[in-house]
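For reference, the structure is listed below as structure tokens.
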Amino acid sequence: MDIEMVRGDITRQAVDAVVNAANKSLLGGGGVDGAIHRAGGPRILAECKVIRAERYPDGLPTGQAVATTSGELPAKWVIHTVGPVYAKSQDRSHLLASCHTDSLRVADELAAQSVAFPAISTGIYGYPLKEAAPVALRAVRAAPTNVARVLFVLFDEASLRAFESALREEQ
Ligand code: AR6
């Protein structure tokens, strides 16, 4: 698997699937979730509502992923996953890892070849970048997947630096 890192806006990426750092409700929010729904348009929310009603009446559990249309986005699909809220007193890294593993499992079901991830949980959910980046990277690297290309799309310089340094430390 080829792993790349770029600074940018995930809504602009021409990959097969973009991953959304959503919340349990799947009904939208701020951060990258808001940006994806704004850029992709109302078809994404409409499908999320159907998924809630049919499969997850209590919301999508943390660490799991589901796919919808991408609406107007250049990508073909959006894979919504729910990252853990950071807690100093409790190690939730297995849940953050699971977001990546389960998103790639869903990508395989779609036969997606290329997947873009944002820095899940590192915004509103408060996960420190230095802790999140190696967890994300290791989970993607270890996932049993046919996805050929994973692109981490980092919104700001600090996020890009944290992910690049996790990549260097791996080698
Ligand atoms: N492209 C790529 N990355 C982005 C973009 C974008 N367009 N916009 C923001 N980011 P966050 P979380 C970065 O807060 O921490 C929502 O309300 C952002 O700078 O989007 O998992 C959901 O509904 C940060 O580095 O996600 C949930 O309630 C990273 O994406 C909650 O926030 C993740 O920040 C999820 O919080």
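Chain labels run A, B, ... following the order of the structure tokens; each chain numbers its residues from 1, and ligands are numbered from 1 in the order shown.
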
Go through chain A and flag each residue having an atom no more than 9 Å from ligand 1; for those, report the closest pair of atoms plus their distance in Å to one decimal, using only C-alpha atoms and all ligand atoms, ordered by chain and rising number, as a Markdown table.
| residue | atom | partner | partner_atom_place_in_ligand_line | distance |
| --- | --- | --- | --- | --- |
| A:Arg7 | CA | ligand 1 | 2 (C) | 8.1 |
| A:Gly8 | CA | ligand 1 | 2 (C) | 6.1 |
| A:Asp9 | CA | ligand 1 | 1 (N) | 3.6 |
| A:Ile10 | CA | ligand 1 | 1 (N) | 3.9 |
| A:Thr11 | CA | ligand 1 | 7 (N) | 5.7 |
| A:Arg12 | CA | ligand 1 | 7 (N) | 8.2 |
| A:Asn20 | CA | ligand 1 | 20 (O) | 8.0 |
| A:Ala21 | CA | ligand 1 | 21 (O) | 4.6 |
| A:Ala22 | CA | ligand 1 | 22 (C) | 4.3 |
| A:Asn23 | CA | ligand 1 | 27 (C) | 4.3 |
| A:Lys24 | CA | ligand 1 | 28 (O) | 7.8 |
| A:Ser25 | CA | ligand 1 | 23 (O) | 8.1 |
| A:Leu26 | CA | ligand 1 | 23 (O) | 7.4 |
| A:Leu27 | CA | ligand 1 | 23 (O) | 7.6 |
| A:Gly28 | CA | ligand 1 | 23 (O) | 5.2 |
| A:Gly29 | CA | ligand 1 | 23 (O) | 3.5 |
| A:Gly30 | CA | ligand 1 | 17 (O) | 3.6 |
| A:Gly31 | CA | ligand 1 | 20 (O) | 3.3 |
| A:Val32 | CA | ligand 1 | 8 (N) | 3.6 |
| A:Asp33 | CA | ligand 1 | 23 (O) | 5.2 |
| A:Gly34 | CA | ligand 1 | 17 (O) | 6.8 |
| A:Ala35 | CA | ligand 1 | 7 (N) | 5.2 |
| A:Ile36 | CA | ligand 1 | 7 (N) | 6.8 |
| A:Thr81 | CA | ligand 1 | 21 (O) | 8.7 |
| A:Val82 | CA | ligand 1 | 21 (O) | 7.0 |
| A:Gly83 | CA | ligand 1 | 21 (O) | 5.3 |
| A:Pro84 | CA | ligand 1 | 21 (O) | 7.4 |
| A:Val85 | CA | ligand 1 | 36 (O) | 7.5 |
| A:Tyr86 | CA | ligand 1 | 15 (O) | 8.8 |
| A:Phe117 | CA | ligand 1 | 2 (C) | 8.0 |
| A:Pro118 | CA | ligand 1 | 3 (N) | 4.9 |
| A:Ala119 | CA | ligand 1 | 29 (C) | 4.5 |
| A:Ile120 | CA | ligand 1 | 21 (O) | 4.4 |
| A:Ser121 | CA | ligand 1 | 21 (O) | 3.1 |
| A:Thr122 | CA | ligand 1 | 15 (O) | 4.3 |
| A:Gly123 | CA | ligand 1 | 34 (O) | 3.3 |
| A:Ile124 | CA | ligand 1 | 14 (O) | 3.8 |
| A:Tyr125 | CA | ligand 1 | 15 (O) | 3.8 |
| A:Gly126 | CA | ligand 1 | 15 (O) | 5.9 |
| A:Tyr127 | CA | ligand 1 | 15 (O) | 6.9 |
| A:Leu129 | CA | ligand 1 | 25 (O) | 8.1 |
| A:Phe152 | CA | ligand 1 | 2 (C) | 8.7 |
| A:Val153 | CA | ligand 1 | 2 (C) | 5.6 |
| A:Leu154 | CA | ligand 1 | 3 (N) | 5.4 |
| A:Phe155 | CA | ligand 1 | 3 (N) | 4.3 |
| A:Asp156 | CA | ligand 1 | 19 (O) | 6.4 |
| A:Ala158 | CA | ligand 1 | 25 (O) | 8.8 |
| A:Ser159 | CA | ligand 1 | 25 (O) | 6.2 |

Report as a VMD selection string all protein, DNA and RNA residues lying within 9 Å of A:Pro134, evaluated on only C-alpha atoms, omitting residues in the same chain fewer than 5 positions from it. chain A and resid 129 139 162 to 163 165 to 167 169 to 170

Go ahead and save the residues from that selection, with N, CA, C and O atoms, as an mmCIF file, in the first residue's frame.
data_model
loop_
_atom_site.group_PDB
_atom_site.id
_atom_site.type_symbol
_atom_site.label_atom_id
_atom_site.label_comp_id
_atom_site.auth_asym_id
_atom_site.auth_seq_id
_atom_site.Cartn_x
_atom_site.Cartn_y
_atom_site.Cartn_z
ATOM 1 N N LEU A 129 -2.367 15.737 18.393
ATOM 2 C CA LEU A 129 -1.841 15.288 17.100
ATOM 3 C C LEU A 129 -0.701 14.293 17.257
ATOM 4 O O LEU A 129 -0.613 13.311 16.523
ATOM 5 N N ALA A 139 -2.451 1.841 12.179
ATOM 6 C CA ALA A 139 -3.696 1.121 11.890
ATOM 7 C C ALA A 139 -3.858 0.922 10.387
ATOM 8 O O ALA A 139 -4.241 -0.164 9.929
ATOM 9 N N ALA A 162 2.969 16.670 12.145
ATOM 10 C CA ALA A 162 2.797 15.540 13.075
ATOM 11 C C ALA A 162 2.713 14.217 12.314
ATOM 12 O O ALA A 162 3.313 13.219 12.725
ATOM 13 N N PHE A 163 1.986 14.211 11.216
ATOM 14 C CA PHE A 163 1.857 12.964 10.444
ATOM 15 C C PHE A 163 3.165 12.629 9.733
ATOM 16 O O PHE A 163 3.557 11.463 9.683
ATOM 17 N N SER A 165 6.109 13.372 10.760
ATOM 18 C CA SER A 165 7.081 12.894 11.745
ATOM 19 C C SER A 165 6.736 11.476 12.203
ATOM 20 O O SER A 165 7.627 10.654 12.423
ATOM 21 N N ALA A 166 5.451 11.131 12.284
ATOM 22 C CA ALA A 166 5.070 9.744 12.600
ATOM 23 C C ALA A 166 5.552 8.794 11.505
ATOM 24 O O ALA A 166 6.000 7.683 11.787
ATOM 25 N N LEU A 167 5.492 9.246 10.276
ATOM 26 C CA LEU A 167 5.953 8.428 9.147
ATOM 27 C C LEU A 167 7.463 8.221 9.224
ATOM 28 O O LEU A 167 7.958 7.114 9.037
ATOM 29 N N GLU A 169 9.300 8.334 11.920
ATOM 30 C CA GLU A 169 9.634 7.510 13.089
ATOM 31 C C GLU A 169 9.345 6.029 12.866
ATOM 32 O O GLU A 169 9.898 5.171 13.541
ATOM 33 N N GLU A 170 8.472 5.762 11.906
ATOM 34 C CA GLU A 170 8.154 4.377 11.563
ATOM 35 C C GLU A 170 9.343 3.705 10.900
ATOM 36 O O GLU A 170 9.480 2.493 10.960
#

If you count only C-alpha atoms, which residues fall within 8 Å of A:Thr68, apart from same-chain ones fewer than 5 positions away, as a PDB file with C-alpha atoms, in the first residue's frame?
ATOM      1  CA  ILE A  44     -25.267  12.831   1.745  1.00  0.00           C
ATOM      2  CA  GLU A  47     -28.579   8.822   2.888  1.00  0.00           C
ATOM      3  CA  CYS A  48     -27.267   9.236   6.431  1.00  0.00           C
ATOM      4  CA  TRP A  77     -18.099   7.791  -1.826  1.00  0.00           C
ATOM      5  CA  VAL A  78     -17.975   9.218   1.661  1.00  0.00           C
ATOM      6  CA  ILE A  79     -17.092   6.792   4.440  1.00  0.00           C
ATOM      7  CA  HIS A  80     -18.382   8.155   7.751  1.00  0.00           C
TER       8      HIS A  80
END

Please compute the atom CA of A:Lys130-atom CA of A:Ser114 distance, one decimal, in Å. 25.0 Å

Those of chain A in DSSP alpha helix (DSSP H), formatted as a PyMOL selection string: chain A and resi 31-40+42-54+93-109+129-142+157-170

Which of stretch 82-160 of chain A DSSP labels strand (DSSP E or B), written as a list in words: Val82, Ser114, Val115, Ala116, Phe117, Arg149, Val150, Leu151, Phe152, Val153 and Leu154 of chain A

Can you write just those residues out, all heavy atoms, as an mmCIF file, in the first residue's frame?
data_model
loop_
_atom_site.group_PDB
_atom_site.id
_atom_site.type_symbol
_atom_site.label_atom_id
_atom_site.label_comp_id
_atom_site.auth_asym_id
_atom_site.auth_seq_id
_atom_site.Cartn_x
_atom_site.Cartn_y
_atom_site.Cartn_z
ATOM 1 N N VAL A 82 -16.787 7.409 13.317
ATOM 2 C CA VAL A 82 -16.889 8.211 14.541
ATOM 3 C C VAL A 82 -15.644 7.978 15.384
ATOM 4 O O VAL A 82 -15.414 6.870 15.891
ATOM 5 C CB VAL A 82 -18.141 7.821 15.360
ATOM 6 C CG1 VAL A 82 -18.283 8.738 16.570
ATOM 7 C CG2 VAL A 82 -19.382 7.875 14.494
ATOM 8 N N SER A 114 -8.498 3.924 -3.770
ATOM 9 C CA SER A 114 -7.810 5.045 -3.121
ATOM 10 C C SER A 114 -8.730 5.689 -2.089
ATOM 11 O O SER A 114 -9.920 5.908 -2.353
ATOM 12 C CB SER A 114 -7.368 6.074 -4.161
ATOM 13 O OG SER A 114 -8.462 6.487 -4.949
ATOM 14 N N VAL A 115 -8.173 5.961 -0.919
ATOM 15 C CA VAL A 115 -8.971 6.485 0.197
ATOM 16 C C VAL A 115 -8.222 7.639 0.851
ATOM 17 O O VAL A 115 -7.017 7.537 1.129
ATOM 18 C CB VAL A 115 -9.216 5.381 1.255
ATOM 19 C CG1 VAL A 115 -9.972 5.936 2.458
ATOM 20 C CG2 VAL A 115 -9.992 4.215 0.650
ATOM 21 N N ALA A 116 -8.939 8.736 1.102
ATOM 22 C CA ALA A 116 -8.336 9.880 1.804
ATOM 23 C C ALA A 116 -8.903 9.970 3.215
ATOM 24 O O ALA A 116 -10.123 9.894 3.415
ATOM 25 C CB ALA A 116 -8.627 11.179 1.041
ATOM 26 N N PHE A 117 -8.008 10.117 4.197
ATOM 27 C CA PHE A 117 -8.401 10.270 5.604
ATOM 28 C C PHE A 117 -8.054 11.673 6.090
ATOM 29 O O PHE A 117 -6.947 12.154 5.829
ATOM 30 C CB PHE A 117 -7.600 9.308 6.498
ATOM 31 C CG PHE A 117 -8.043 7.881 6.478
ATOM 32 C CD1 PHE A 117 -7.486 6.972 5.576
ATOM 33 C CD2 PHE A 117 -8.996 7.421 7.382
ATOM 34 C CE1 PHE A 117 -7.878 5.635 5.579
ATOM 35 C CE2 PHE A 117 -9.387 6.088 7.393
ATOM 36 C CZ PHE A 117 -8.830 5.196 6.490
ATOM 37 N N ARG A 149 -3.956 2.862 -2.295
ATOM 38 C CA ARG A 149 -3.390 4.189 -2.005
ATOM 39 C C ARG A 149 -4.187 4.854 -0.886
ATOM 40 O O ARG A 149 -5.407 5.002 -0.984
ATOM 41 C CB ARG A 149 -3.469 5.041 -3.268
ATOM 42 C CG ARG A 149 -2.957 6.433 -3.105
ATOM 43 C CD ARG A 149 -2.884 7.132 -4.459
ATOM 44 N NE ARG A 149 -2.531 8.517 -4.266
ATOM 45 C CZ ARG A 149 -3.352 9.538 -4.550
ATOM 46 N NH1 ARG A 149 -4.542 9.320 -5.080
ATOM 47 N NH2 ARG A 149 -2.966 10.765 -4.308
ATOM 48 N N VAL A 150 -3.481 5.220 0.182
ATOM 49 C CA VAL A 150 -4.105 5.977 1.277
ATOM 50 C C VAL A 150 -3.442 7.334 1.331
ATOM 51 O O VAL A 150 -2.216 7.465 1.334
ATOM 52 C CB VAL A 150 -3.951 5.242 2.624
ATOM 53 C CG1 VAL A 150 -4.273 6.174 3.791
ATOM 54 C CG2 VAL A 150 -4.875 4.031 2.667
ATOM 55 N N LEU A 151 -4.297 8.347 1.358
ATOM 56 C CA LEU A 151 -3.825 9.718 1.386
ATOM 57 C C LEU A 151 -4.314 10.358 2.685
ATOM 58 O O LEU A 151 -5.517 10.387 2.934
ATOM 59 C CB LEU A 151 -4.457 10.424 0.180
ATOM 60 C CG LEU A 151 -4.067 11.838 -0.153
ATOM 61 C CD1 LEU A 151 -2.581 11.929 -0.468
ATOM 62 C CD2 LEU A 151 -4.883 12.319 -1.361
ATOM 63 N N PHE A 152 -3.388 10.797 3.530
ATOM 64 C CA PHE A 152 -3.798 11.575 4.701
ATOM 65 C C PHE A 152 -3.838 13.043 4.273
ATOM 66 O O PHE A 152 -2.820 13.582 3.814
ATOM 67 C CB PHE A 152 -2.819 11.388 5.861
ATOM 68 C CG PHE A 152 -2.982 10.072 6.574
ATOM 69 C CD1 PHE A 152 -2.136 8.998 6.321
ATOM 70 C CD2 PHE A 152 -4.007 9.903 7.513
ATOM 71 C CE1 PHE A 152 -2.293 7.780 6.976
ATOM 72 C CE2 PHE A 152 -4.177 8.687 8.173
ATOM 73 C CZ PHE A 152 -3.310 7.632 7.898
ATOM 74 N N VAL A 153 -5.020 13.650 4.406
ATOM 75 C CA VAL A 153 -5.179 15.048 3.983
ATOM 76 C C VAL A 153 -5.239 15.906 5.240
ATOM 77 O O VAL A 153 -6.221 15.860 5.993
ATOM 78 C CB VAL A 153 -6.438 15.228 3.117
ATOM 79 C CG1 VAL A 153 -6.578 16.677 2.677
ATOM 80 C CG2 VAL A 153 -6.369 14.309 1.907
ATOM 81 N N LEU A 154 -4.179 16.645 5.473
ATOM 82 C CA LEU A 154 -4.032 17.416 6.715
ATOM 83 C C LEU A 154 -4.340 18.884 6.433
ATOM 84 O O LEU A 154 -3.826 19.458 5.474
ATOM 85 C CB LEU A 154 -2.619 17.236 7.275
ATOM 86 C CG LEU A 154 -2.239 15.826 7.799
ATOM 87 C CD1 LEU A 154 -3.437 15.132 8.462
ATOM 88 C CD2 LEU A 154 -1.677 14.929 6.725
#

List as a list in words the protein and nucleic acid residues near A:Asp108, meaning an atom at most 12 Å away when only C-alpha atoms are counted, but skip any in the same chain fewer than 6 places from it. Asp16, Ala17, Val66, Ala67, Ile79, Thr101, Asp102, Ser114, Val115, Ala143, Pro144, Thr145, Asn146, Val147 and Ala148 of chain A

If we count only C-alpha atoms and set the cut-off at 9 Å, which residues sit around A:Ser98, ignoring sequence neighbours fewer than 5 positions away in its own chain? Please answer as a list in words. Thr62, Gly63, Gln64, Ala65, Gly83, Ser93, Ser103 and Ala139 of chain A

Two-atom distance - atom CA of A:Arg55, atom CA of A:Arg105 (Å): 17.4 Å

Can you work out which one of A:His100, A:Arg38, A:Arg52, A:Lys88 has the shortest atom-to-atom distance to A:Leu73, counting only C-alpha atoms? A:Arg38
